[in-house]
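J.: My structure is in my_file-v7.csv, and what it holds is CSV, C-alpha atoms:
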chain,number,residue,atom,x,y,z
F,1160,MET,CA,80.4,89.2,-51.9
F,1161,ASN,CA,78.4,90.9,-54.7
F,1162,VAL,CA,81.1,92.9,-56.4
F,1163,PRO,CA,78.9,95.3,-58.4
F,1164,VAL,CA,76.9,96.2,-55.3
F,1165,PHE,CA,80.1,96.7,-53.2
F,1166,LEU,CA,81.6,98.9,-55.8
F,1167,ALA,CA,78.4,100.8,-56.3
F,1168,ARG,CA,78.4,101.8,-52.6
F,1169,LYS,CA,81.8,103.4,-53.2
F,1170,VAL,CA,80.8,105.2,-56.4
F,1171,ARG,CA,77.5,106.7,-55.2
F,1172,HIS,CA,79.1,108.4,-52.2
F,1173,ALA,CA,80.5,111.3,-54.3
F,1174,PRO,CA,82.0,114.2,-52.4
F,1175,ASN,CA,79.6,117.0,-51.6
F,1176,GLY,CA,79.9,119.9,-54.1
F,1177,SER,CA,81.3,117.6,-56.9
F,1178,PHE,CA,79.7,117.6,-60.3
F,1179,SER,CA,78.7,114.0,-60.0
F,1180,ALA,CA,77.0,114.7,-56.7
F,1181,THR,CA,75.0,117.5,-58.3
F,1182,VAL,CA,73.8,115.5,-61.3
F,1183,THR,CA,72.9,112.6,-59.0
F,1184,ARG,CA,70.6,114.9,-57.0
F,1185,ILE,CA,69.1,116.1,-60.3
F,1186,GLY,CA,68.4,112.5,-61.3
F,1187,VAL,CA,66.8,111.8,-57.9
F,1188,ILE,CA,64.7,115.0,-58.1
F,1189,SER,CA,63.5,114.3,-61.6
F,1190,ILE,CA,62.3,110.8,-60.7
F,1191,ALA,CA,60.7,112.0,-57.5
F,1192,LEU,CA,59.0,114.9,-59.2
F,1193,GLY,CA,57.7,112.7,-62.1
F,1194,LEU,CA,56.3,110.1,-59.8
F,1195,ALA,CA,54.7,112.7,-57.5
F,1196,ILE,CA,53.0,114.3,-60.5
F,1197,LEU,CA,51.8,111.0,-61.7
F,1198,ILE,CA,50.3,110.0,-58.3
F,1199,VAL,CA,48.5,113.3,-58.0
F,1200,ALA,CA,47.4,113.3,-61.6
F,1201,PHE,CA,45.9,109.8,-61.3
F,1202,ALA,CA,44.3,110.5,-58.0
F,1203,VAL,CA,42.6,113.6,-59.4
F,1204,LEU,CA,41.6,111.9,-62.6
F,1205,PHE,CA,40.0,109.0,-60.8
F,1206,GLY,CA,38.4,111.5,-58.4
F,1207,PHE,CA,36.9,113.4,-61.3
F,1208,LYS,CA,35.6,110.3,-63.0
F,1209,ASN,CA,34.2,108.7,-59.9
F,1210,THR,CA,32.5,112.0,-58.7
F,1211,ILE,CA,30.9,112.7,-62.0
F,1212,GLN,CA,29.8,109.1,-62.4
F,1213,GLN,CA,28.2,109.1,-59.0
F,1214,LYS,CA,26.4,112.3,-59.8
F,1215,ILE,CA,25.1,110.8,-63.0
F,1216,PHE,CA,24.0,107.7,-61.3
F,1217,LEU,CA,21.8,109.7,-58.9
F,1218,PHE,CA,19.2,110.1,-61.6
F,1219,GLY,CA,20.5,107.9,-64.4
F,1220,ALA,CA,20.9,104.2,-63.4
F,1221,HIS,CA,23.4,102.1,-65.1
F,1222,LEU,CA,20.7,100.4,-67.1
F,1223,GLN,CA,17.1,101.5,-67.7
F,1224,VAL,CA,14.3,99.3,-69.0
F,1225,SER,CA,11.0,100.8,-70.3
F,1226,LYS,CA,8.1,99.8,-72.4
F,1227,PHE,CA,8.9,99.9,-76.1
F,1228,SER,CA,6.9,102.6,-77.9
F,1229,ASN,CA,7.3,105.5,-80.3
F,1230,ASN,CA,6.3,108.0,-77.7
F,1231,ALA,CA,9.1,110.6,-77.2
F,1232,SER,CA,7.4,112.6,-74.4
F,1233,TYR,CA,7.5,112.2,-70.7
F,1234,GLU,CA,4.1,110.5,-70.7
F,1235,GLU,CA,5.4,106.9,-70.2
F,1236,THR,CA,3.7,103.7,-71.3
F,1237,THR,CA,3.0,101.5,-68.3
F,1238,LEU,CA,5.3,98.7,-67.4
F,1239,PRO,CA,4.0,96.0,-65.0
F,1240,LEU,CA,5.9,95.0,-61.9
F,1241,ASN,CA,4.9,91.4,-62.3
F,1242,THR,CA,7.6,90.5,-64.8
F,1243,ALA,CA,10.4,88.0,-64.7
F,1244,LEU,CA,13.0,90.8,-65.0
F,1245,TYR,CA,11.7,92.6,-61.9
F,1246,ARG,CA,11.0,89.5,-59.8
F,1247,ASP,CA,14.2,87.7,-60.6
F,1248,SER,CA,16.7,90.6,-61.0
F,1249,THR,CA,18.9,89.4,-58.2
F,1250,ARG,CA,19.5,86.2,-60.0
F,1251,ILE,CA,20.9,87.9,-63.1
F,1252,PRO,CA,24.7,87.8,-63.0
F,1253,GLY,CA,26.1,91.3,-62.4
F,1254,VAL,CA,22.9,93.0,-61.2
F,1255,GLN,CA,23.1,94.6,-57.8
F,1256,HIS,CA,19.8,96.4,-57.4
F,1257,ILE,CA,16.6,97.2,-59.3
F,1258,GLN,CA,14.0,99.9,-58.6
F,1259,ALA,CA,10.8,101.0,-60.2
F,1260,VAL,CA,10.2,104.7,-61.0
F,1261,ALA,CA,7.8,106.8,-63.1
F,1262,LEU,CA,8.2,110.3,-64.7
F,1263,LYS,CA,5.6,113.0,-65.2
F,1264,ALA,CA,6.0,116.6,-66.5
F,1265,GLY,CA,4.6,119.5,-64.6
F,1266,ILE,CA,5.0,123.2,-63.7
F,1267,LEU,CA,6.0,124.5,-60.3
F,1268,LYS,CA,4.6,128.0,-59.7
F,1269,THR,CA,4.9,130.6,-57.0
F,1270,ASP,CA,3.4,134.1,-56.9
F,1271,GLU,CA,6.4,135.5,-58.8
F,1272,GLU,CA,8.1,132.7,-60.5
F,1273,LEU,CA,7.5,129.4,-62.3
F,1274,THR,CA,9.6,126.6,-63.8
F,1275,GLY,CA,9.1,123.4,-65.7
F,1276,VAL,CA,9.9,120.2,-63.8
F,1277,ILE,CA,10.0,116.5,-64.3
F,1278,LEU,CA,8.6,114.8,-61.3
F,1279,LYS,CA,10.4,111.5,-60.7
F,1280,GLY,CA,8.2,109.2,-58.7
F,1281,VAL,CA,10.0,106.6,-56.6
F,1282,GLY,CA,8.8,103.9,-54.2
F,1283,ARG,CA,10.1,102.0,-51.2
F,1284,ASP,CA,12.6,100.0,-53.4
F,1285,TYR,CA,14.4,103.3,-54.3
F,1286,ASN,CA,18.0,103.5,-53.1
F,1287,TRP,CA,18.6,106.8,-51.4
F,1288,ASN,CA,22.2,106.3,-50.4
F,1289,LEU,CA,23.8,108.2,-53.3
F,1290,LEU,CA,21.3,111.0,-53.2
F,1291,ARG,CA,21.8,111.6,-49.4
F,1292,GLU,CA,25.4,112.6,-50.1
F,1293,SER,CA,24.1,115.5,-52.3
F,1294,LEU,CA,21.5,116.8,-49.8
F,1295,VAL,CA,22.2,120.4,-48.8
F,1296,ALA,CA,19.1,120.9,-46.7
F,1297,GLY,CA,16.2,118.8,-45.2
F,1298,THR,CA,15.7,115.1,-45.9
F,1299,VAL,CA,14.4,112.8,-48.5
F,1300,PRO,CA,10.6,112.4,-48.9
F,1301,THR,CA,8.5,109.7,-47.5
F,1302,VAL,CA,7.4,107.4,-50.3
F,1303,GLY,CA,5.7,104.0,-50.7
F,1304,ALA,CA,2.4,102.3,-51.3
F,1305,ASP,CA,1.4,102.9,-47.6
F,1306,THR,CA,1.0,106.6,-48.3
F,1307,GLY,CA,-2.5,106.1,-49.8
F,1308,ASN,CA,-3.1,108.4,-52.8
F,1309,GLY,CA,0.5,109.4,-52.7
F,1310,SER,CA,2.7,111.6,-50.5
F,1311,THR,CA,2.9,115.3,-51.4
F,1312,GLN,CA,6.4,115.6,-50.1
F,1313,LEU,CA,8.9,117.0,-52.7
F,1314,LEU,CA,12.7,117.0,-53.1
F,1315,LEU,CA,13.9,119.9,-55.1
F,1316,SER,CA,17.3,120.9,-56.5
F,1317,GLN,CA,19.1,123.9,-55.2
F,1318,TYR,CA,18.8,125.5,-58.6
F,1319,MET,CA,15.0,125.3,-58.6
F,1320,ALA,CA,14.7,126.3,-55.0
F,1321,ASN,CA,16.8,129.5,-55.7
F,1322,GLN,CA,14.7,130.2,-58.8
F,1323,LEU,CA,11.4,129.8,-57.1
F,1324,LYS,CA,12.7,131.3,-53.8
F,1325,VAL,CA,11.4,128.5,-51.6
F,1326,LYS,CA,12.9,126.8,-48.6
F,1327,VAL,CA,12.5,123.5,-46.8
F,1328,GLY,CA,9.1,123.3,-45.1
F,1329,GLU,CA,7.3,125.6,-47.5
F,1330,SER,CA,4.5,124.6,-49.8
F,1331,ILE,CA,4.3,125.1,-53.5
F,1332,PRO,CA,1.6,124.1,-56.1
F,1333,LEU,CA,2.6,121.6,-58.8
F,1334,TYR,CA,0.5,121.8,-61.9
F,1335,PHE,CA,0.1,118.8,-64.3
F,1336,LEU,CA,-0.9,119.4,-67.9
F,1337,GLY,CA,-4.2,117.7,-68.9
F,1338,ASN,CA,-7.8,118.4,-69.8
F,1339,PRO,CA,-8.5,119.9,-67.4
F,1340,PRO,CA,-5.1,120.7,-65.8
F,1341,ARG,CA,-4.6,119.3,-62.3
F,1342,ALA,CA,-2.7,120.7,-59.4
F,1343,ARG,CA,-1.3,119.3,-56.2
F,1344,LYS,CA,0.0,121.3,-53.2
F,1345,MET,CA,3.5,119.9,-52.6
F,1346,THR,CA,5.6,120.4,-49.5
F,1347,VAL,CA,9.4,120.9,-49.9
F,1348,VAL,CA,11.1,118.5,-47.5
F,1349,GLY,CA,14.6,118.5,-48.9
F,1350,ILE,CA,17.0,120.3,-51.3
F,1351,TYR,CA,19.8,118.5,-53.3
F,1352,ASP,CA,22.6,119.8,-55.4
F,1353,THR,CA,24.5,117.7,-57.9
F,1354,GLY,CA,26.2,120.4,-59.9
F,1355,LEU,CA,25.0,118.8,-63.1
F,1356,GLU,CA,23.0,121.6,-64.7
F,1357,GLU,CA,20.8,119.4,-67.0
F,1358,VAL,CA,19.7,117.4,-63.9
F,1359,ASP,CA,19.3,120.2,-61.4
F,1360,LYS,CA,17.2,122.3,-63.8
F,1361,THR,CA,14.6,119.6,-64.4
F,1362,ILE,CA,14.4,116.7,-61.9
F,1363,ALA,CA,12.4,116.8,-58.6
F,1364,LEU,CA,11.6,113.6,-56.6
F,1365,GLY,CA,8.4,112.6,-55.1
F,1366,ASP,CA,6.1,109.6,-54.4
F,1367,ILE,CA,5.4,107.2,-57.3
F,1368,ARG,CA,1.9,106.7,-55.9
F,1369,LEU,CA,1.1,110.3,-56.7
F,1370,ILE,CA,2.0,109.7,-60.4
F,1371,GLN,CA,0.1,106.4,-60.4
F,1372,ARG,CA,-2.9,108.2,-59.1
F,1373,LEU,CA,-2.7,111.0,-61.6
F,1374,ASN,CA,-2.2,108.6,-64.5
F,1375,ARG,CA,-4.9,106.3,-63.2
F,1376,TRP,CA,-2.5,103.4,-63.0
F,1377,GLY,CA,-2.6,100.5,-60.6
F,1378,ILE,CA,-0.1,100.1,-57.8
F,1379,ASP,CA,1.7,97.4,-59.9
F,1380,SER,CA,2.2,99.8,-62.9
F,1381,VAL,CA,5.4,101.8,-63.3
F,1382,GLY,CA,7.2,103.7,-66.0
F,1383,THR,CA,10.8,102.4,-65.9
F,1384,TYR,CA,13.0,99.8,-64.2
F,1385,GLU,CA,16.3,101.3,-63.1
F,1386,ILE,CA,19.0,98.7,-62.8
F,1387,PHE,CA,22.4,99.1,-61.0
F,1388,VAL,CA,25.2,96.7,-61.8
F,1389,LYS,CA,27.9,95.4,-59.4
F,1390,ASP,CA,30.8,96.5,-61.6
F,1391,PHE,CA,30.3,99.4,-64.0
F,1392,ASN,CA,33.3,98.3,-66.0
F,1393,LYS,CA,31.3,95.2,-66.9
F,1394,VAL,CA,28.1,97.1,-67.7
F,1395,GLU,CA,28.0,95.8,-71.3
F,1396,THR,CA,28.2,92.2,-70.2
F,1397,THR,CA,25.5,92.7,-67.6
F,1398,ALA,CA,23.4,94.5,-70.2
F,1399,ASP,CA,23.5,91.5,-72.4
F,1400,LYS,CA,22.3,89.3,-69.5
F,1401,VAL,CA,19.4,91.7,-68.7
F,1402,PHE,CA,18.5,91.8,-72.4
F,1403,ASP,CA,18.1,88.0,-72.4
F,1404,VAL,CA,15.6,88.2,-69.6
F,1405,MET,CA,13.6,91.1,-71.1
F,1406,SER,CA,10.3,90.5,-72.9
F,1407,PRO,CA,10.1,91.6,-76.6
F,1408,ASP,CA,8.1,94.7,-75.8
F,1409,MET,CA,10.8,96.2,-73.5
F,1410,ARG,CA,13.6,98.6,-74.4
F,1411,LEU,CA,17.0,98.8,-72.8
F,1412,THR,CA,18.9,102.1,-72.4
F,1413,ARG,CA,22.4,102.4,-71.1
F,1414,VAL,CA,23.5,105.4,-69.0
F,1415,THR,CA,26.5,105.8,-71.3
F,1416,ASP,CA,24.1,106.5,-74.2
F,1417,GLN,CA,21.8,108.8,-72.1
F,1418,TYR,CA,24.7,111.0,-70.9
F,1419,ARG,CA,27.0,110.5,-73.9
F,1420,PRO,CA,28.7,114.0,-73.8
F,1421,LEU,CA,29.8,113.5,-70.2
F,1422,PHE,CA,31.2,110.0,-70.8
F,1423,ASP,CA,32.9,111.2,-74.0
F,1424,TRP,CA,34.5,114.0,-71.9
F,1425,MET,CA,35.8,111.4,-69.4
F,1426,VAL,CA,37.3,109.4,-72.3
F,1427,LEU,CA,39.1,112.5,-73.4
F,1428,LEU,CA,40.5,112.8,-69.9
F,1429,ASP,CA,41.9,109.3,-70.2
F,1430,ARG,CA,43.6,110.2,-73.5
F,1431,ASN,CA,45.2,113.3,-72.0
F,1432,MET,CA,46.5,111.2,-69.1
F,1433,VAL,CA,48.2,108.8,-71.5
F,1434,ILE,CA,49.9,111.7,-73.2
F,1435,LEU,CA,51.0,113.1,-69.8
F,1436,LEU,CA,52.3,109.7,-68.7
F,1437,SER,CA,54.3,109.3,-71.9
F,1438,LEU,CA,55.9,112.7,-71.6
F,1439,ILE,CA,56.9,112.3,-67.9
F,1440,GLY,CA,58.2,108.8,-68.6
F,1441,PHE,CA,60.3,110.1,-71.5
F,1442,VAL,CA,61.7,113.1,-69.5
F,1443,ALA,CA,62.6,110.9,-66.4
F,1444,SER,CA,64.3,108.3,-68.6
F,1445,PHE,CA,66.2,110.9,-70.6
F,1446,ASN,CA,67.4,112.5,-67.3
F,1447,MET,CA,68.6,109.1,-65.9
F,1448,VAL,CA,70.5,108.3,-69.1
F,1449,SER,CA,72.2,111.7,-69.0
F,1450,VAL,CA,73.1,111.4,-65.3
F,1451,LEU,CA,74.5,107.9,-65.8
F,1452,LEU,CA,76.6,109.1,-68.8
F,1453,VAL,CA,78.1,111.8,-66.6
F,1454,LEU,CA,78.9,109.4,-63.9
F,1455,ILE,CA,80.6,107.0,-66.4
F,1456,ILE,CA,82.6,109.7,-67.9
F,1457,GLU,CA,83.7,111.0,-64.5
F,1458,ARG,CA,84.7,107.5,-63.4
F,1459,THR,CA,86.6,106.7,-66.6
F,1460,PRO,CA,89.9,106.1,-64.7
F,1461,MET,CA,88.2,103.7,-62.3
F,1462,ILE,CA,86.7,101.8,-65.3
F,1463,GLY,CA,90.2,101.6,-66.9
F,1464,LEU,CA,91.6,100.3,-63.6
F,1465,LEU,CA,88.9,97.6,-63.3
F,1466,LYS,CA,89.5,96.5,-66.8
F,1467,ALA,CA,93.2,96.4,-66.3
F,1468,ILE,CA,92.8,94.0,-63.3
F,1469,GLY,CA,90.6,91.8,-65.4
F,1470,SER,CA,87.0,92.9,-64.7
F,1471,PRO,CA,84.7,92.0,-67.6
F,1472,ASN,CA,82.5,94.6,-69.2
F,1473,PRO,CA,79.2,93.1,-67.9
F,1474,LEU,CA,80.4,93.4,-64.3
F,1475,ILE,CA,81.2,97.1,-64.8
F,1476,GLN,CA,77.9,97.7,-66.5
F,1477,ARG,CA,76.0,96.1,-63.6
F,1478,LEU,CA,78.0,98.4,-61.3
F,1479,PHE,CA,76.6,101.5,-62.9
F,1480,VAL,CA,73.1,100.1,-63.2
F,1481,VAL,CA,73.1,99.4,-59.5
F,1482,VAL,CA,74.2,103.1,-59.0
F,1483,GLY,CA,71.3,104.2,-61.1
F,1484,LEU,CA,68.8,101.9,-59.3
F,1485,ASN,CA,69.9,103.4,-56.0
F,1486,MET,CA,69.0,106.8,-57.3
F,1487,VAL,CA,65.6,105.4,-58.5
F,1488,GLY,CA,65.0,104.1,-55.0
F,1489,TRP,CA,65.6,107.5,-53.4
F,1490,GLY,CA,63.4,109.1,-56.1
F,1491,LEU,CA,60.6,106.6,-55.4
F,1492,LEU,CA,60.8,107.3,-51.7
F,1493,ILE,CA,60.7,111.1,-52.0
F,1494,GLY,CA,58.1,111.0,-54.9
F,1495,ASN,CA,55.7,108.8,-52.9
F,1496,VAL,CA,56.0,111.0,-49.8
F,1497,VAL,CA,55.4,114.2,-51.8
F,1498,GLY,CA,52.6,112.8,-54.1
F,1499,LEU,CA,50.7,111.1,-51.3
F,1500,GLY,CA,51.2,114.0,-49.0
F,1501,VAL,CA,49.7,116.5,-51.5
F,1502,CYS,CA,46.7,114.1,-52.1
F,1503,PHE,CA,46.2,113.7,-48.4
F,1504,ILE,CA,46.2,117.5,-47.8
F,1505,GLN,CA,43.7,118.1,-50.7
F,1506,ASP,CA,41.5,115.2,-49.6
F,1507,LYS,CA,41.4,116.3,-46.0
F,1508,PHE,CA,41.2,120.1,-46.3
F,1509,LYS,CA,39.8,120.7,-49.8
F,1510,LEU,CA,42.3,123.5,-50.4
F,1511,ILE,CA,41.9,123.7,-54.2
F,1512,PRO,CA,38.4,124.9,-55.2
F,1513,LEU,CA,36.7,124.6,-58.5
F,1514,ASP,CA,33.9,126.4,-60.3
F,1515,PRO,CA,30.9,123.9,-60.1
F,1516,LYS,CA,29.4,125.5,-63.3
F,1517,ASN,CA,32.3,124.2,-65.3
F,1518,TYR,CA,33.5,121.2,-63.4
F,1519,PHE,CA,30.3,119.9,-61.7
F,1520,MET,CA,32.0,120.0,-58.3
F,1521,ASN,CA,33.2,122.5,-55.7
F,1522,TYR,CA,36.7,121.3,-55.2
F,1523,VAL,CA,39.4,119.0,-56.7
F,1524,PRO,CA,38.4,115.4,-55.7
F,1525,ILE,CA,40.9,112.7,-54.7
F,1526,THR,CA,40.4,109.0,-55.1
F,1527,TRP,CA,42.8,106.6,-53.4
F,1528,ASP,CA,43.5,103.8,-55.9
F,1529,TRP,CA,46.3,101.8,-54.2
F,1530,PRO,CA,46.7,99.3,-57.0
F,1531,THR,CA,47.4,102.1,-59.5
F,1532,ILE,CA,49.9,103.7,-57.1
F,1533,LEU,CA,51.7,100.3,-56.8
F,1534,ILE,CA,51.7,99.9,-60.6
F,1535,LEU,CA,53.1,103.4,-61.1
F,1536,ASN,CA,56.0,102.6,-58.7
F,1537,ALA,CA,56.7,99.3,-60.4
F,1538,ALA,CA,56.5,100.8,-63.9
F,1539,THR,CA,58.9,103.5,-62.9
F,1540,VAL,CA,61.5,101.0,-61.7
F,1541,LEU,CA,61.0,98.7,-64.7
F,1542,ILE,CA,61.2,101.4,-67.4
F,1543,ILE,CA,64.2,103.2,-65.9
F,1544,ALA,CA,66.0,99.9,-65.2
F,1545,LEU,CA,65.7,99.1,-68.8
F,1546,VAL,CA,67.0,102.5,-70.1
F,1547,LEU,CA,69.9,102.4,-67.6
F,1548,TRP,CA,71.6,99.8,-69.8
F,1549,ILE,CA,71.8,102.2,-72.7
F,1550,PRO,CA,74.6,104.5,-71.4
F,1551,THR,CA,76.6,101.5,-70.1
F,1552,ILE,CA,77.2,100.4,-73.7
F,1553,ILE,CA,80.0,102.9,-74.0
F,1554,ILE,CA,81.9,101.0,-71.2
F,1555,SER,CA,82.8,98.3,-73.7
F,1556,ARG,CA,84.5,100.9,-75.9
F,1557,ILE,CA,86.7,102.3,-73.1
F,1558,GLN,CA,90.4,101.1,-73.5
F,1559,PRO,CA,92.2,100.6,-70.2
F,1560,VAL,CA,95.4,102.4,-71.3
F,1561,LYS,CA,93.6,105.6,-72.4
F,1562,ALA,CA,91.2,105.4,-69.5
F,1563,LEU,CA,94.1,105.3,-66.9
F,1564,ALA,CA,95.6,108.4,-68.6
F,1565,PHE,CA,92.2,110.2,-68.6
F,1566,LYS,CA,92.3,113.5,-66.8
F,1567,LYS,CA,89.1,115.0,-65.3
Could you quickly redo this structure as structure tokens?

T.:
Amino acid sequence: MNVPVFLARKVRHAPNGSFSATVTRIGVISIALGLAILIVAFAVLFGFKNTIQQKIFLFGAHLQVSKFSNNASYEETTLPLNTALYRDSTRIPGVQHIQAVALKAGILKTDEELTGVILKGVGRDYNWNLLRESLVAGTVPTVGADTGNGSTQLLLSQYMANQLKVKVGESIPLYFLGNPPRARKMTVVGIYDTGLEEVDKTIALGDIRLIQRLNRWGIDSVGTYEIFVKDFNKVETTADKVFDVMSPDMRLTRVTDQYRPLFDWMVLLDRNMVILLSLIGFVASFNMVSVLLVLIIERTPMIGLLKAIGSPNPLIQRLFVVVGLNMVGWGLLIGNVVGLGVCFIQDKFKLIPLDPKNYFMNYVPITWDWPTILILNAATVLIIALVLWIPTIIISRIQPVKALAFKK
């Protein structure tokens, strides 16, 4: 028979209304509340980071390769498709997808309004999966080399559509600067909304063949290679592999450099989470030490009796550690139910809204990261199990004679 476990079962069933029963409930509640807050906090944190990253990746691939030049305008230097990097990209470790795009500045104008725009030309290799999630109306444009001189279908942001007062299906002239200026009548086939102001104010998507035609490029000439990696956490390693395949006249740009303020903001979120985690861990540990001290003091006569019949100090210490771990178990059960329940409700019903102008999204996002949830549970048990030994030190100082005469 495991003596500490047997005695712990007797100790933890304190009479209802007793002081020890009250502090035991406080200990369980503190653990449950701390764990529930951590689960919700990490789910929201990862939700924020993943949502913002996905929005950034809509128009900023993980890696971008362009022709090296001193030109700082949107008039790109041509980059051929017949390169080792474009042909053999799938053989580069860590690379998931590569697509060719081109940019050209222009002006969208209606009878009453006008706005500057950067037309991003894409081809048949463009991955629309991420962008389709941000569509609020219509569909994506038809693009590719089989469209002759280039499709005139256009995908606008909700911001530009509101500013120009246009809807899906309407036509709008797009003027390109030059000598003389040239215009194309574009048809709005879709409207997207990312919530990222610097993107929604400037980027419209169309056919790369149109830009190639306007720039007098061949069909094998593009402006930039956009490269997506398999694991964004290993983007630096993959970037080194891509750099080894690039020719000397190419330039590599990382999305973390292109949108540095947003990624710096996400790093700040990580630091705040570390502070929150430390505070909650300290409070939960302090509460458990206090609760166990109260239980030890209240059970002083029992400790004296156990010592009088020959029980060693380590056995009595293990007894109270088991009592504490039982409270931890109940705290974990309640904390997981509450934390996961709150996350499920928010993920399902989107009850907590956000201002997209400040947070780039309409509601608090939730990401289910089960490894992190398991780590939180394991860390809670480990940390509290370690601190539970601290209050049991006083057991070795309790003298049986004085303990048996102790009056509660």

J.: Considering all atoms listed in the file, return as a tab-separated table (two decimals) with C-alpha atoms, keeping the file's coordinate frame whatever protein or nucleic-acid residues lie within 10 Å of range 1388-1393 of chain F, sequence-local ones (same chain, fewer than 3 positions apart) excluded.

T.:
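Generated file (result-v8.tsv):
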chain	number	residue	atom	x	y	z
F	1212	GLN	CA	29.80	109.10	-62.40
F	1220	ALA	CA	20.90	104.20	-63.40
F	1221	HIS	CA	23.40	102.10	-65.10
F	1222	LEU	CA	20.70	100.40	-67.10
F	1251	ILE	CA	20.90	87.90	-63.10
F	1252	PRO	CA	24.70	87.80	-63.00
F	1253	GLY	CA	26.10	91.30	-62.40
F	1254	VAL	CA	22.90	93.00	-61.20
F	1255	GLN	CA	23.10	94.60	-57.80
F	1256	HIS	CA	19.80	96.40	-57.40
F	1257	ILE	CA	16.60	97.20	-59.30
F	1396	THR	CA	28.20	92.20	-70.20
F	1397	THR	CA	25.50	92.70	-67.60
F	1398	ALA	CA	23.40	94.50	-70.20

J.: Tell me, in Å to one decimal, how far CA of Ile1439 in chain F is from CA of Leu1197 in chain F.

T.: 8.1 Å

J.: Choose the residue, out of F:Asn1521, F:Asn1472, F:Gln1371, F:Thr1361, that has the smallest atom-to-atom separation from Phe1218 in chain F; count only C-alpha atoms.

T.: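 Closest to Phe1218 in chain F, using only C-alpha atoms: F:Thr1361.
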
J.: Considering all atoms listed in the file, state which residue in the set F:Val1497, F:Pro1300, F:Trp1548, F:Phe1519 is at the smallest distance from Ser1449 in chain F.

T.: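 Among the listed residues, F:Trp1548 lies closest to Ser1449 in chain F.
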
J.: Calculate how many Å separate CA of Phe1205 in chain F from CA of Thr1526 in chain F, rounding to one decimal.

T.: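 For CA of Phe1205 in chain F relative to CA of Thr1526 in chain F, the distance reads 5.7 Å.
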
J.: Could you please determine the separation between CA of Ser1189 in chain F and CA of Arg1458 in chain F in Å, to one decimal place?

T.: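 A separation of 22.3 Å between them.
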
J.: Would you mind telling me which residue in F:Phe1441, F:Trp1527, F:Tyr1518, F:Phe1422 lies nearest to Ile1215 in chain F when using only C-alpha atoms?

T.: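 Using only C-alpha atoms, the shortest distance to Ile1215 in chain F belongs to F:Phe1422.
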
J.: Need the shell around Leu1545 in chain F: protein/DNA/RNA residues with any atom at most 12 Å away, counting only C-alpha atoms. Skip same-chain ones fewer than 3 positions apart. Format as a PDB file with C-alpha atoms, in the frame of the given file?

T.:
ATOM      1  CA  SER F1444      64.300 108.300 -68.600  1.00  0.00           C
ATOM      2  CA  PHE F1445      66.200 110.900 -70.600  1.00  0.00           C
ATOM      3  CA  MET F1447      68.600 109.100 -65.900  1.00  0.00           C
ATOM      4  CA  VAL F1448      70.500 108.300 -69.100  1.00  0.00           C
ATOM      5  CA  ARG F1477      76.000  96.100 -63.600  1.00  0.00           C
ATOM      6  CA  VAL F1480      73.100 100.100 -63.200  1.00  0.00           C
ATOM      7  CA  VAL F1481      73.100  99.400 -59.500  1.00  0.00           C
ATOM      8  CA  GLY F1483      71.300 104.200 -61.100  1.00  0.00           C
ATOM      9  CA  LEU F1484      68.800 101.900 -59.300  1.00  0.00           C
ATOM     10  CA  ALA F1538      56.500 100.800 -63.900  1.00  0.00           C
ATOM     11  CA  THR F1539      58.900 103.500 -62.900  1.00  0.00           C
ATOM     12  CA  VAL F1540      61.500 101.000 -61.700  1.00  0.00           C
ATOM     13  CA  LEU F1541      61.000  98.700 -64.700  1.00  0.00           C
ATOM     14  CA  ILE F1542      61.200 101.400 -67.400  1.00  0.00           C
ATOM     15  CA  TRP F1548      71.600  99.800 -69.800  1.00  0.00           C
ATOM     16  CA  ILE F1549      71.800 102.200 -72.700  1.00  0.00           C
ATOM     17  CA  PRO F1550      74.600 104.500 -71.400  1.00  0.00           C
ATOM     18  CA  THR F1551      76.600 101.500 -70.100  1.00  0.00           C
TER      19      THR F1551
END

J.: My list of candidates is F:Gln1558, F:Asn1374, F:Thr1415, F:Thr1183. Which is closest to Asn1485 in chain F when distances are computed with all atoms listed in the file?

T.: F:Thr1183

J.: Do you know which residues are at most 12 Å from Ile1350 in chain F counting only C-alpha atoms, after dropping those on the same chain fewer than 3 positions away, and could you put them as number ranges by chain?

T.: F: 1290-1300, 1312-1321, 1325-1329, 1346-1347, 1353, 1359, 1362-1364

J.: For Asp1247 in chain F, which residue among F:Met1405, F:Thr1459, F:Ile1493, F:Leu1369 is the nearest when counting all atoms listed in the file?

T.: F:Met1405

J.: Mind filling out range 1406-1410 of chain F with N, CA and C atoms and sending it as a PDB file, keeping the file's coordinate frame?

T.:
ATOM      1  N   SER F1406      11.344  90.923 -71.966  1.00  0.00           N
ATOM      2  CA  SER F1406      10.300  90.500 -72.900  1.00  0.00           C
ATOM      3  C   SER F1406      10.463  91.332 -74.209  1.00  0.00           C
ATOM      4  N   PRO F1407       9.900  90.895 -75.323  1.00  0.00           N
ATOM      5  CA  PRO F1407      10.100  91.600 -76.600  1.00  0.00           C
ATOM      6  C   PRO F1407       9.585  93.026 -76.640  1.00  0.00           C
ATOM      7  N   ASP F1408       8.629  93.373 -75.769  1.00  0.00           N
ATOM      8  CA  ASP F1408       8.100  94.700 -75.800  1.00  0.00           C
ATOM      9  C   ASP F1408       8.813  95.695 -74.879  1.00  0.00           C
ATOM     10  N   MET F1409       9.996  95.321 -74.407  1.00  0.00           N
ATOM     11  CA  MET F1409      10.800  96.200 -73.500  1.00  0.00           C
ATOM     12  C   MET F1409      11.976  96.767 -74.295  1.00  0.00           C
ATOM     13  N   ARG F1410      12.432  97.934 -73.834  1.00  0.00           N
ATOM     14  CA  ARG F1410      13.600  98.600 -74.400  1.00  0.00           C
ATOM     15  C   ARG F1410      14.625  98.874 -73.378  1.00  0.00           C
TER      16      ARG F1410
END
